[in-house]
>>> print(open('start20.cif').read())   # mmCIF, C-alpha atoms
data_upload
loop_
_atom_site.label_atom_id
_atom_site.label_comp_id
_atom_site.auth_asym_id
_atom_site.auth_seq_id
_atom_site.Cartn_x
_atom_site.Cartn_y
_atom_site.Cartn_z
CA MET A 1 -10.51 -13.48 -1.13
CA ASP A 2 -13.60 -12.12 0.62
CA ALA A 3 -15.07 -15.59 0.54
CA VAL A 4 -12.03 -17.00 2.32
CA LEU A 5 -10.81 -14.39 4.73
CA ARG A 6 -12.36 -11.70 6.82
CA ARG A 7 -10.65 -8.46 7.67
CA ARG A 8 -11.14 -5.52 9.98
CA GLY A 9 -12.11 -2.27 8.24
CA LEU A 10 -9.63 0.55 8.02
CA MET A 11 -9.78 4.32 8.48
CA LEU A 12 -8.60 6.15 5.36
CA VAL A 13 -7.69 9.74 6.17
CA LEU A 14 -7.26 12.33 3.44
CA SER A 15 -5.70 15.59 4.55
CA SER A 16 -4.52 18.53 2.52
CA PRO A 17 -4.49 22.28 2.52
CA SER A 18 -7.85 23.66 1.32
CA GLY A 19 -7.83 23.87 -2.45
CA ALA A 20 -5.51 20.92 -3.14
CA GLY A 21 -8.37 18.83 -4.49
CA LYS A 22 -9.01 16.57 -1.51
CA THR A 23 -12.81 16.89 -1.53
CA THR A 24 -13.05 16.03 -5.24
CA ILE A 25 -10.85 12.97 -4.71
CA ALA A 26 -12.93 11.92 -1.68
CA ARG A 27 -16.17 12.15 -3.68
CA ARG A 28 -14.74 9.98 -6.46
CA MET A 29 -13.55 7.37 -3.97
CA LEU A 30 -17.00 7.16 -2.38
CA LYS A 31 -18.71 6.93 -5.77
CA ASP A 32 -16.46 4.13 -7.06
CA ASP A 33 -15.99 1.98 -3.94
CA ALA A 34 -19.06 0.33 -2.46
CA ASN A 35 -17.21 -0.78 0.69
CA LEU A 36 -16.14 2.75 1.61
CA SER A 37 -18.30 5.18 3.61
CA MET A 38 -17.75 8.78 4.60
CA SER A 39 -17.41 9.54 8.25
CA VAL A 40 -19.89 12.35 8.90
CA SER A 41 -18.50 14.89 11.36
CA ALA A 42 -20.44 16.79 13.95
CA THR A 43 -19.92 20.56 13.74
CA THR A 44 -21.08 23.73 15.44
CA ARG A 45 -20.66 25.85 12.32
CA SER A 46 -23.77 26.98 10.46
CA LYS A 47 -25.11 25.10 7.49
CA ARG A 48 -24.07 26.46 4.09
CA PRO A 49 -26.46 26.58 1.11
CA GLY A 50 -26.87 23.11 -0.37
CA GLU A 51 -25.55 21.21 2.65
CA VAL A 52 -27.68 18.43 4.08
CA SER A 53 -27.76 17.64 7.80
CA GLY A 54 -26.63 14.04 8.47
CA VAL A 55 -24.96 13.82 5.05
CA ASP A 56 -22.44 16.70 4.92
CA TYR A 57 -22.32 17.19 8.69
CA HIS A 58 -24.30 16.60 11.81
CA PHE A 59 -25.09 20.23 12.67
CA VAL A 60 -25.22 20.63 16.45
CA ASP A 61 -25.08 23.55 18.87
CA LYS A 62 -22.17 24.13 21.23
CA THR A 63 -23.99 22.63 24.22
CA ASP A 64 -24.65 19.35 22.42
CA PHE A 65 -21.08 19.29 21.08
CA ASN A 66 -19.65 19.65 24.59
CA LEU A 67 -21.99 16.94 25.84
CA MET A 68 -20.70 14.49 23.16
CA LEU A 69 -17.12 15.47 24.00
CA ASN A 70 -17.53 14.99 27.74
CA ARG A 71 -19.20 11.61 27.26
CA GLY A 72 -16.18 10.42 25.24
CA GLU A 73 -18.34 10.03 22.14
CA LEU A 74 -15.86 11.80 19.82
CA LEU A 75 -12.85 10.02 18.31
CA GLU A 76 -11.24 13.36 17.55
CA HIS A 77 -12.27 17.00 17.64
CA ALA A 78 -10.83 20.31 16.60
CA ARG A 79 -11.51 24.01 16.58
CA VAL A 80 -11.19 25.61 13.13
CA PHE A 81 -11.63 29.38 13.10
CA SER A 82 -14.38 29.80 15.73
CA ASN A 83 -16.17 26.52 15.04
CA TYR A 84 -15.85 23.01 16.47
CA TYR A 85 -15.69 19.78 14.48
CA GLY A 86 -15.64 16.21 15.77
CA THR A 87 -15.93 12.57 14.67
CA PRO A 88 -18.64 10.49 16.41
CA ARG A 89 -17.10 7.24 17.65
CA GLY A 90 -20.07 4.85 17.38
CA PRO A 91 -20.57 4.66 13.57
CA VAL A 92 -16.81 4.23 13.00
CA GLU A 93 -16.42 1.35 15.43
CA LYS A 94 -19.51 -0.38 14.04
CA ALA A 95 -18.21 -0.07 10.44
CA LEU A 96 -14.69 -1.29 11.20
CA SER A 97 -15.79 -4.35 13.14
CA SER A 98 -18.00 -5.40 10.22
CA GLY A 99 -15.16 -5.02 7.67
CA ARG A 100 -16.32 -1.74 6.18
CA ASP A 101 -13.82 1.06 5.54
CA MET A 102 -14.34 4.67 6.57
CA LEU A 103 -13.11 7.79 4.79
CA PHE A 104 -12.12 10.87 6.79
CA ASP A 105 -11.72 14.36 5.39
CA ILE A 106 -9.94 15.94 8.38
CA ASP A 107 -6.95 18.16 9.06
CA TRP A 108 -3.64 17.41 10.78
CA GLN A 109 -5.09 18.06 14.23
CA GLY A 110 -7.83 15.48 13.77
CA THR A 111 -5.40 13.02 12.20
CA GLN A 112 -3.05 13.26 15.18
CA GLN A 113 -5.92 12.43 17.53
CA LEU A 114 -7.15 9.53 15.35
CA ARG A 115 -3.60 8.20 15.32
CA GLU A 116 -3.54 8.23 19.11
CA ALA A 117 -6.98 6.61 19.32
CA ALA A 118 -6.56 3.93 16.64
CA ARG A 119 -3.06 3.76 15.13
CA GLU A 120 -3.42 0.24 13.72
CA ASP A 121 -6.63 1.02 11.86
CA LEU A 122 -5.34 4.26 10.35
CA VAL A 123 -4.09 4.82 6.79
CA SER A 124 -3.19 8.46 6.26
CA VAL A 125 -2.74 10.20 2.91
CA PHE A 126 -1.54 13.77 2.49
CA ILE A 127 -2.45 15.55 -0.73
CA LEU A 128 -0.30 18.44 -1.93
CA PRO A 129 -0.99 20.95 -4.70
CA PRO A 130 1.55 20.90 -7.56
CA SER A 131 2.32 24.61 -7.02
CA THR A 132 1.30 27.62 -4.95
CA ARG A 133 -0.27 29.11 -8.06
CA ALA A 134 -2.54 26.07 -8.50
CA LEU A 135 -3.58 26.37 -4.86
CA GLU A 136 -4.39 30.07 -5.17
CA GLU A 137 -6.39 29.52 -8.35
CA ARG A 138 -8.49 26.78 -6.77
CA LEU A 139 -9.17 28.84 -3.65
CA ALA A 140 -10.19 31.89 -5.69
CA LYS A 141 -12.86 29.79 -7.44
CA ARG A 142 -14.82 29.45 -4.21
CA ALA A 143 -16.87 32.53 -4.86
CA GLN A 144 -19.02 32.05 -1.78
CA ASP A 145 -16.17 32.88 0.60
CA PRO A 146 -15.37 36.52 1.42
CA PRO A 147 -11.76 37.70 0.72
CA GLU A 148 -10.71 37.68 4.39
CA VAL A 149 -11.71 34.01 4.65
CA VAL A 150 -9.66 33.23 1.51
CA ALA A 151 -6.65 35.03 2.98
CA GLU A 152 -7.03 33.21 6.30
CA ARG A 153 -7.32 29.94 4.39
CA MET A 154 -4.07 30.58 2.47
CA SER A 155 -2.33 31.15 5.78
CA LYS A 156 -3.90 27.99 7.18
CA ALA A 157 -2.85 26.11 4.02
CA ALA A 158 0.80 26.94 4.66
CA ASP A 159 0.39 25.75 8.25
CA GLU A 160 -1.40 22.55 7.20
CA MET A 161 1.30 21.70 4.63
CA SER A 162 3.99 21.68 7.29
CA HIS A 163 2.49 18.45 8.66
CA TRP A 164 3.20 16.22 5.66
CA PRO A 165 5.88 14.20 7.52
CA GLU A 166 3.20 12.72 9.83
CA TYR A 167 1.39 10.92 7.00
CA ASP A 168 1.90 7.40 5.58
CA TYR A 169 1.49 8.44 1.94
CA VAL A 170 1.99 11.69 0.04
CA ILE A 171 0.36 12.49 -3.31
CA VAL A 172 1.06 15.57 -5.43
CA ASN A 173 -2.27 16.27 -7.10
CA ALA A 174 -1.10 17.50 -10.51
CA ASP A 175 -3.66 15.36 -12.34
CA LEU A 176 -7.00 14.41 -10.77
CA GLU A 177 -7.35 11.02 -12.50
CA ALA A 178 -3.80 10.00 -11.56
CA SER A 179 -4.41 11.05 -7.95
CA VAL A 180 -7.70 9.14 -7.72
CA HIS A 181 -5.92 6.09 -9.16
CA GLN A 182 -3.22 6.41 -6.49
CA VAL A 183 -5.66 6.70 -3.59
CA LYS A 184 -7.64 3.71 -4.91
CA ALA A 185 -4.40 1.72 -5.11
CA ILE A 186 -3.53 2.67 -1.53
CA LEU A 187 -6.93 1.42 -0.37
CA THR A 188 -6.62 -1.85 -2.34
CA ALA A 189 -3.09 -2.43 -1.07
CA GLU A 190 -3.86 -1.67 2.56
CA ARG A 191 -6.79 -4.10 2.44
CA ALA A 192 -4.28 -6.85 1.56
CA ARG A 193 -1.91 -6.05 4.45
CA ARG A 194 -1.24 -9.21 6.37
CA ASP A 195 -1.90 -7.60 9.74
CA ARG A 196 -5.44 -6.54 8.75
CA LEU A 197 -6.50 -10.04 7.71
CA VAL A 198 -8.39 -12.16 10.20
CA GLY A 199 -8.24 -15.96 10.20
CA LEU A 200 -5.15 -16.36 8.01
CA GLY A 201 -3.47 -18.74 10.44
CA GLU A 202 -6.47 -21.04 10.44
CA PHE A 203 -6.74 -20.85 6.63
CA VAL A 204 -3.08 -21.80 6.11
CA ARG A 205 -3.31 -24.63 8.65
CA GLY A 206 -6.19 -25.98 6.58
CA LEU A 207 -4.17 -25.70 3.35
CA ARG A 208 -1.20 -27.50 4.89
CA ALA A 209 -3.42 -30.26 6.28
CA GLY A 210 -4.78 -30.84 2.77
CA HIS A 211 -8.25 -29.31 3.05
CA MET B 1 4.50 13.53 -9.64
CA ASP B 2 7.63 12.19 -11.30
CA ALA B 3 8.32 15.67 -12.58
CA VAL B 4 8.23 17.06 -9.06
CA LEU B 5 9.67 14.42 -6.79
CA ARG B 6 12.27 11.73 -7.05
CA ARG B 7 12.11 8.48 -5.16
CA ARG B 8 14.32 5.53 -4.41
CA GLY B 9 13.34 2.29 -6.15
CA LEU B 10 11.88 -0.55 -4.14
CA MET B 11 12.34 -4.30 -4.05
CA LEU B 12 9.05 -6.13 -4.63
CA VAL B 13 9.28 -9.73 -3.44
CA LEU B 14 6.69 -12.30 -4.49
CA SER B 15 6.84 -15.56 -2.58
CA SER B 16 4.48 -18.51 -2.62
CA PRO B 17 4.45 -22.27 -2.60
CA SER B 18 5.13 -23.64 -6.10
CA GLY B 19 1.90 -23.84 -8.03
CA ALA B 20 0.12 -20.91 -6.38
CA GLY B 21 0.45 -18.80 -9.53
CA LYS B 22 3.35 -16.55 -8.54
CA THR B 23 5.28 -16.87 -11.80
CA THR B 24 2.24 -15.98 -13.92
CA ILE B 25 1.55 -12.92 -11.76
CA ALA B 26 5.23 -11.88 -11.98
CA ARG B 27 5.19 -12.09 -15.80
CA ARG B 28 2.07 -9.93 -15.99
CA MET B 29 3.60 -7.32 -13.67
CA LEU B 30 6.74 -7.12 -15.82
CA LYS B 31 4.72 -6.88 -19.03
CA ASP B 32 2.46 -4.08 -17.75
CA ASP B 33 4.90 -1.93 -15.76
CA ALA B 34 7.76 -0.30 -17.61
CA ASN B 35 9.51 0.81 -14.41
CA LEU B 36 9.74 -2.73 -13.02
CA SER B 37 12.56 -5.16 -13.86
CA MET B 38 13.09 -8.77 -12.88
CA SER B 39 16.05 -9.54 -10.71
CA VAL B 40 17.87 -12.36 -12.51
CA SER B 41 19.25 -14.91 -10.04
CA ALA B 42 22.47 -16.83 -10.39
CA THR B 43 22.00 -20.60 -10.06
CA THR B 44 24.03 -23.78 -10.17
CA ARG B 45 21.10 -25.88 -11.42
CA SER B 46 21.11 -27.02 -15.03
CA LYS B 47 19.28 -25.10 -17.70
CA ARG B 48 15.81 -26.46 -18.56
CA PRO B 49 14.49 -26.59 -22.13
CA GLY B 50 13.45 -23.10 -23.26
CA GLU B 51 15.36 -21.22 -20.57
CA VAL B 52 17.71 -18.44 -21.65
CA SER B 53 20.93 -17.66 -19.82
CA GLY B 54 20.96 -14.09 -18.49
CA VAL B 55 17.17 -13.85 -18.84
CA ASP B 56 15.75 -16.69 -16.74
CA TYR B 57 18.91 -17.21 -14.70
CA HIS B 58 22.63 -16.64 -14.80
CA PHE B 59 23.75 -20.28 -15.03
CA VAL B 60 27.04 -20.70 -13.20
CA ASP B 61 29.04 -23.63 -11.83
CA LYS B 62 29.55 -24.22 -8.12
CA THR B 63 33.06 -22.73 -8.13
CA ASP B 64 31.87 -19.46 -9.63
CA PHE B 65 28.88 -19.38 -7.25
CA ASN B 66 31.16 -19.75 -4.23
CA LEU B 67 33.44 -17.05 -5.58
CA MET B 68 30.51 -14.59 -5.86
CA LEU B 69 29.36 -15.57 -2.36
CA ASN B 70 32.79 -15.11 -0.79
CA ARG B 71 33.25 -11.72 -2.47
CA GLY B 72 29.97 -10.50 -0.91
CA GLU B 73 28.44 -10.11 -4.36
CA LEU B 74 25.16 -11.86 -3.43
CA LEU B 75 22.33 -10.07 -1.62
CA GLU B 76 20.84 -13.41 -0.64
CA HIS B 77 21.42 -17.03 -1.47
CA ALA B 78 19.75 -20.35 -0.78
CA ARG B 79 20.07 -24.04 -1.39
CA VAL B 80 16.96 -25.63 -2.91
CA PHE B 81 17.15 -29.40 -3.28
CA SER B 82 20.80 -29.84 -4.29
CA ASN B 83 21.16 -26.56 -6.16
CA TYR B 84 22.20 -23.06 -5.16
CA TYR B 85 20.46 -19.82 -6.04
CA GLY B 86 21.54 -16.25 -5.32
CA THR B 87 20.78 -12.60 -6.13
CA PRO B 88 23.67 -10.54 -7.55
CA ARG B 89 23.95 -7.29 -5.61
CA GLY B 90 25.24 -4.89 -8.29
CA PRO B 91 22.25 -4.69 -10.67
CA VAL B 92 19.83 -4.25 -7.74
CA GLU B 93 21.72 -1.37 -6.15
CA LYS B 94 22.11 0.35 -9.51
CA ALA B 95 18.37 0.06 -10.25
CA LEU B 96 17.20 1.26 -6.84
CA SER B 97 19.43 4.32 -6.77
CA SER B 98 18.09 5.39 -10.17
CA GLY B 99 14.44 5.03 -9.04
CA ARG B 100 13.74 1.76 -10.81
CA ASP B 101 11.90 -1.04 -9.01
CA MET B 102 13.05 -4.66 -8.95
CA LEU B 103 10.87 -7.76 -8.80
CA PHE B 104 12.08 -10.86 -6.93
CA ASP B 105 10.66 -14.35 -7.31
CA ILE B 106 12.29 -15.94 -4.25
CA ASP B 107 11.33 -18.17 -1.33
CA TRP B 108 11.10 -17.43 2.40
CA GLN B 109 14.80 -18.09 2.94
CA GLY B 110 15.82 -15.51 0.35
CA THR B 111 13.23 -13.03 1.62
CA GLN B 112 14.58 -13.28 5.18
CA GLN B 113 18.07 -12.46 3.91
CA LEU B 114 16.84 -9.56 1.75
CA ARG B 115 14.98 -8.22 4.79
CA GLU B 116 18.21 -8.27 6.80
CA ALA B 117 20.17 -6.65 3.95
CA ALA B 118 17.66 -3.95 2.94
CA ARG B 119 14.55 -3.79 5.14
CA GLU B 120 13.54 -0.27 4.11
CA ASP B 121 13.61 -1.04 0.40
CA LEU B 122 11.66 -4.27 0.72
CA VAL B 123 7.96 -4.81 -0.03
CA SER B 124 7.03 -8.46 0.47
CA VAL B 125 3.93 -10.19 -0.87
CA PHE B 126 2.94 -13.76 -0.07
CA ILE B 127 0.64 -15.53 -2.50
CA LEU B 128 -1.51 -18.41 -1.30
CA PRO B 129 -3.54 -20.91 -3.32
CA PRO B 130 -7.30 -20.84 -2.61
CA SER B 131 -7.28 -24.55 -1.68
CA THR B 132 -4.99 -27.57 -1.48
CA ARG B 133 -6.86 -29.05 -4.43
CA ALA B 134 -6.06 -26.01 -6.59
CA LEU B 135 -2.41 -26.33 -5.61
CA GLU B 136 -2.27 -30.04 -6.47
CA GLU B 137 -3.96 -29.48 -9.82
CA ARG B 138 -1.51 -26.75 -10.80
CA LEU B 139 1.51 -28.82 -9.76
CA ALA B 140 0.25 -31.87 -11.68
CA LYS B 141 0.14 -29.78 -14.90
CA ARG B 142 3.90 -29.45 -14.90
CA ALA B 143 4.36 -32.57 -16.99
CA GLN B 144 8.11 -32.10 -17.27
CA ASP B 145 8.69 -32.96 -13.61
CA PRO B 146 8.92 -36.62 -12.45
CA PRO B 147 6.46 -37.75 -9.72
CA GLU B 148 9.07 -37.74 -6.94
CA VAL B 149 9.85 -34.07 -7.68
CA VAL B 150 6.10 -33.25 -7.53
CA ALA B 151 5.81 -35.03 -4.17
CA GLU B 152 8.88 -33.25 -2.82
CA ARG B 153 7.43 -29.95 -4.06
CA MET B 154 4.11 -30.58 -2.26
CA SER B 155 6.05 -31.14 0.94
CA LYS B 156 8.11 -28.01 0.33
CA ALA B 157 4.86 -26.10 -0.40
CA ALA B 158 3.52 -26.92 3.06
CA ASP B 159 6.82 -25.75 4.54
CA GLU B 160 6.83 -22.55 2.46
CA MET B 161 3.26 -21.69 3.44
CA SER B 162 4.16 -21.68 7.13
CA HIS B 163 6.13 -18.46 6.54
CA TRP B 164 3.20 -16.19 5.61
CA PRO B 165 3.43 -14.19 8.90
CA GLU B 166 6.77 -12.74 7.76
CA TYR B 167 5.29 -10.91 4.76
CA ASP B 168 3.82 -7.39 4.47
CA TYR B 169 0.92 -8.42 2.25
CA VAL B 170 -0.97 -11.67 1.69
CA ILE B 171 -3.01 -12.45 -1.42
CA VAL B 172 -5.18 -15.51 -1.92
CA ASN B 173 -4.92 -16.21 -5.65
CA ALA B 174 -8.44 -17.43 -6.39
CA ASP B 175 -8.68 -15.30 -9.53
CA LEU B 176 -5.63 -14.34 -11.59
CA GLU B 177 -6.92 -10.94 -12.77
CA ALA B 178 -7.93 -9.93 -9.25
CA SER B 179 -4.52 -11.00 -7.90
CA VAL B 180 -2.63 -9.09 -10.61
CA HIS B 181 -4.78 -6.03 -9.82
CA GLN B 182 -3.88 -6.37 -6.14
CA VAL B 183 -0.13 -6.67 -6.74
CA LYS B 184 -0.24 -3.67 -9.08
CA ALA B 185 -2.08 -1.67 -6.41
CA ILE B 186 0.55 -2.64 -3.83
CA LEU B 187 3.29 -1.39 -6.14
CA THR B 188 1.45 1.88 -6.91
CA ALA B 189 0.71 2.46 -3.21
CA GLU B 190 4.24 1.68 -2.02
CA ARG B 191 5.64 4.13 -4.58
CA ALA B 192 3.59 6.87 -2.88
CA ARG B 193 4.82 6.06 0.64
CA ARG B 194 6.12 9.22 2.22
CA ASP B 195 9.35 7.60 3.39
CA ARG B 196 10.33 6.56 -0.16
CA LEU B 197 9.98 10.06 -1.59
CA VAL B 198 13.08 12.19 -1.91
CA GLY B 199 13.01 15.98 -1.78
CA LEU B 200 9.52 16.39 -0.26
CA GLY B 201 10.75 18.76 2.44
CA GLU B 202 12.30 21.07 -0.13
CA PHE B 203 9.17 20.90 -2.32
CA VAL B 204 6.84 21.83 0.55
CA ARG B 205 9.13 24.65 1.69
CA GLY B 206 8.84 26.02 -1.84
CA LEU B 207 5.02 25.74 -1.77
CA ARG B 208 4.81 27.51 1.59
CA ALA B 209 7.13 30.27 0.42
CA GLY B 210 4.80 30.89 -2.52
CA HIS B 211 6.84 29.37 -5.39
#
>>> encode(input="start20.cif", output="structure tokens")
Amino acid sequence: MDAVLRRRGLMLVLSSPSGAGKTTIARRMLKDDANLSMSVSATTRSKRPGEVSGVDYHFVDKTDFNLMLNRGELLEHARVFSNYYGTPRGPVEKALSSGRDMLFDIDWQGTQQLREAAREDLVSVFILPPSTRALEERLAKRAQDPPEVVAERMSKAADEMSHWPEYDYVIVNADLEASVHQVKAILTAERARRDRLVGLGEFVRGLRAGH
Amino acid sequence: MDAVLRRRGLMLVLSSPSGAGKTTIARRMLKDDANLSMSVSATTRSKRPGEVSGVDYHFVDKTDFNLMLNRGELLEHARVFSNYYGTPRGPVEKALSSGRDMLFDIDWQGTQQLREAAREDLVSVFILPPSTRALEERLAKRAQDPPEVVAERMSKAADEMSHWPEYDYVIVNADLEASVHQVKAILTAERARRDRLVGLGEFVRGLRAGH
């Protein structure tokens, strides 16, 4: 199909409450799909141990962040706790126009803004935990976070979950392999959507004319 | 996920010009997916060698066909050459309400009528041959058809192909395995669409309340 038809890239958004397994699913998608790249956000929060600038985030100070925002260089931005996060517009537009797909690990606020900025390019997936207990267990495993951050995150998780009706797809992550399979299928299916394919009219005219 | 959420079944329509490989893809889907059943059409055309009544078609005479039509028992119907084809409504509604998915091997006329009758349940896939040559070669292999039927079918193929813009998904069947993979992905993805899932609101309220 790639030899015959071109298509515009799509923006695959994964959202979920913290601890539902979204980041693990995102990593697997990136590992297994050569046409998918992670959108690297800019953030004003400090770098955590093990994080790499330009890979995990673009770490910027608040002055630079405001400069990007005021220049219209961010597709979406959000404040989470006392930090700012945003998606640089340039790399996304470049990828999409060349048929590459971009993966976004953002919350409901960012997704709403992406939807306003680029509804036709957006495919949004909401990942839910199978139970509150599963969510709590996964959050408790993040030993690096102090208890008050965990508690704040549980409260934020409840808030985040209320936004499931805004998403195209919903996956209950009871089994990681099954969930990865579902997200891969969503990506494969959305790539075959008629309205993403470029040059179909010309191709079919050729078929009908006997080429 | 099945343990947590119910969903309404969907109607997966495969359409293509004759000879594009649709029937082979449909057979593979049915073989590999236990939750998918073929919708068996009623037809007034005569049974071909090897066909089984009630499996390939319900073979009926024109009087019975008109009776079903006038009673509103057909979801869609069409005349192809001098024969009539139609989809009995009862088995489809029963399957969908119990969460089973139905596969339809019908042309653009039937798809238009299904879309009018049940737009929200419909997932439509159009399958194109990679080239006119590939189409001609596949049609020529059907030794049981006389040359004038082959010629009429090539003309009908050109007509059928003009309806690709009415479908949700378009697949160019250059490689059978790749095409089967794509149709399976479409089915898996559509099953995870938020608007097909029943009881999500209740499930998320339970999660947020700490159940």
>>> interface_residues(input="start20.cif", of="chain B", to="chain A", cutoff="7 Å", atoms="all atoms listed in the file", output="short mmCIF file (atom, residue, chain, number, x, y, z; two decimals) with C-alpha atoms, keeping the file's coordinate frame")
data_model
loop_
_atom_site.label_atom_id
_atom_site.label_comp_id
_atom_site.auth_asym_id
_atom_site.auth_seq_id
_atom_site.Cartn_x
_atom_site.Cartn_y
_atom_site.Cartn_z
CA MET B 1 4.50 13.53 -9.64
CA SER B 131 -7.28 -24.55 -1.68
CA THR B 132 -4.99 -27.57 -1.48
CA ALA B 158 3.52 -26.92 3.06
CA MET B 161 3.26 -21.69 3.44
CA TYR B 167 5.29 -10.91 4.76
CA ASP B 168 3.82 -7.39 4.47
CA TYR B 169 0.92 -8.42 2.25
CA VAL B 170 -0.97 -11.67 1.69
CA ILE B 171 -3.01 -12.45 -1.42
CA VAL B 172 -5.18 -15.51 -1.92
CA ALA B 174 -8.44 -17.43 -6.39
CA GLN B 182 -3.88 -6.37 -6.14
CA ALA B 185 -2.08 -1.67 -6.41
CA ILE B 186 0.55 -2.64 -3.83
CA THR B 188 1.45 1.88 -6.91
CA ALA B 189 0.71 2.46 -3.21
CA ALA B 192 3.59 6.87 -2.88
CA ARG B 193 4.82 6.06 0.64
CA ARG B 194 6.12 9.22 2.22
CA VAL B 204 6.84 21.83 0.55
CA LEU B 207 5.02 25.74 -1.77
CA ARG B 208 4.81 27.51 1.59
CA GLY B 210 4.80 30.89 -2.52
CA HIS B 211 6.84 29.37 -5.39
#
>>> atom_distance(input="start20.cif", atom1="CA of Val180 (chain B)", atom2="CA of Ser15 (chain B)")
14.0 Å
>>> residues_near_point(input="start20.cif", point="(29.9, -19.8, -10.5)", cutoff="12 Å", atoms="only C-alpha atoms", output="count of residues only")
26
>>> closest_residue(input="start20.cif", among="B:Asp107, B:Arg8, B:Leu114, B:Ala26", to="Gly199 (chain B)", atoms="all atoms listed in the file")
B:Arg8
>>> residues_near_point(input="start20.cif", point="(-18.0, 3.2, 18.9)", cutoff="12 Å", atoms="all atoms listed in the file", output="JSON, numbers by chain")
{"A": [71, 72, 73, 74, 75, 87, 88, 89, 90, 91, 92, 93, 94, 95, 96, 97, 117, 118]}
>>> atom_distance(input="start20.cif", atom1="CA of Met102 (chain B)", atom2="CA of Met38 (chain B)")
5.7 Å
>>> resolve_selection(input="start20.cif", expression="the PyMOL selection byres ((chain A and resi 25) around 9)", output="PDB file with C-alpha atoms, in the coordinates of the input")
ATOM      1  CA  LEU A  14      -7.260  12.330   3.440  1.00  0.00           C
ATOM      2  CA  GLY A  21      -8.370  18.830  -4.490  1.00  0.00           C
ATOM      3  CA  LYS A  22      -9.010  16.570  -1.510  1.00  0.00           C
ATOM      4  CA  THR A  23     -12.810  16.890  -1.530  1.00  0.00           C
ATOM      5  CA  THR A  24     -13.050  16.030  -5.240  1.00  0.00           C
ATOM      6  CA  ALA A  26     -12.930  11.920  -1.680  1.00  0.00           C
ATOM      7  CA  ARG A  27     -16.170  12.150  -3.680  1.00  0.00           C
ATOM      8  CA  ARG A  28     -14.740   9.980  -6.460  1.00  0.00           C
ATOM      9  CA  MET A  29     -13.550   7.370  -3.970  1.00  0.00           C
ATOM     10  CA  LEU A  30     -17.000   7.160  -2.380  1.00  0.00           C
ATOM     11  CA  LEU A 176      -7.000  14.410 -10.770  1.00  0.00           C
ATOM     12  CA  GLU A 177      -7.350  11.020 -12.500  1.00  0.00           C
ATOM     13  CA  SER A 179      -4.410  11.050  -7.950  1.00  0.00           C
ATOM     14  CA  VAL A 180      -7.700   9.140  -7.720  1.00  0.00           C
ATOM     15  CA  VAL A 183      -5.660   6.700  -3.590  1.00  0.00           C
TER      16      VAL A 183
END
>>> atom_distance(input="start20.cif", atom1="CA of Glu120 (chain A)", atom2="CA of Ala34 (chain A)")
22.5 Å
>>> closest_residue(input="start20.cif", among="B:Ser82, B:Val55, B:Leu10, B:Gly50", to="Val123 (chain B)", atoms="all atoms listed in the file")
B:Leu10
>>> closest_residue(input="start20.cif", among="B:Glu152, B:Arg119, B:Thr111, B:Arg6", to="Ser98 (chain B)", atoms="all atoms listed in the file")
B:Arg6
>>> axis_aligned_box(input="start20.cif", around="region 169-178 of chain A", padding_each_side="8 Å", output="AutoDock Vina command-line options")
--center_x -2.7 --center_y 13.0 --center_z -5.3 --size_x 25.3 --size_y 25.1 --size_z 30.4
>>> residues_around(input="start20.cif", residues="Asn35 (chain A)", least_positions_apart="6", cutoff="9 Å", atoms="only C-alpha atoms", output="VMD selection string")
chain A and resid 99 to 102
>>> closest_residue(input="start20.cif", among="B:Pro49, B:Glu148, B:Ser18, B:Val13", to="Gln112 (chain B)", atoms="only C-alpha atoms")
B:Val13
>>> build_atoms(input="start20.cif", residues="region 47-55 of chain A", atoms="N, CA and C atoms", output="PDB file, in the coordinates of the input")
ATOM      1  N   LYS A  47     -24.913  25.804   8.747  1.00  0.00           N
ATOM      2  CA  LYS A  47     -25.110  25.100   7.490  1.00  0.00           C
ATOM      3  C   LYS A  47     -24.956  26.048   6.320  1.00  0.00           C
ATOM      4  N   ARG A  48     -24.197  25.640   5.300  1.00  0.00           N
ATOM      5  CA  ARG A  48     -24.070  26.460   4.090  1.00  0.00           C
ATOM      6  C   ARG A  48     -25.156  26.056   3.091  1.00  0.00           C
ATOM      7  N   PRO A  49     -25.434  26.932   2.114  1.00  0.00           N
ATOM      8  CA  PRO A  49     -26.460  26.580   1.110  1.00  0.00           C
ATOM      9  C   PRO A  49     -26.110  25.250   0.439  1.00  0.00           C
ATOM     10  N   GLY A  50     -27.083  24.372   0.314  1.00  0.00           N
ATOM     11  CA  GLY A  50     -26.870  23.110  -0.370  1.00  0.00           C
ATOM     12  C   GLY A  50     -26.438  21.980   0.536  1.00  0.00           C
ATOM     13  N   GLU A  51     -25.991  22.279   1.734  1.00  0.00           N
ATOM     14  CA  GLU A  51     -25.550  21.210   2.650  1.00  0.00           C
ATOM     15  C   GLU A  51     -26.751  20.529   3.296  1.00  0.00           C
ATOM     16  N   VAL A  52     -26.593  19.228   3.511  1.00  0.00           N
ATOM     17  CA  VAL A  52     -27.680  18.430   4.080  1.00  0.00           C
ATOM     18  C   VAL A  52     -27.233  17.891   5.442  1.00  0.00           C
ATOM     19  N   SER A  53     -28.046  18.117   6.445  1.00  0.00           N
ATOM     20  CA  SER A  53     -27.760  17.640   7.800  1.00  0.00           C
ATOM     21  C   SER A  53     -27.752  16.103   7.816  1.00  0.00           C
ATOM     22  N   GLY A  54     -26.727  15.501   8.415  1.00  0.00           N
ATOM     23  CA  GLY A  54     -26.630  14.040   8.470  1.00  0.00           C
ATOM     24  C   GLY A  54     -25.892  13.471   7.277  1.00  0.00           C
ATOM     25  N   VAL A  55     -25.704  14.276   6.228  1.00  0.00           N
ATOM     26  CA  VAL A  55     -24.960  13.820   5.050  1.00  0.00           C
ATOM     27  C   VAL A  55     -23.621  14.567   4.986  1.00  0.00           C
TER      28      VAL A  55
END
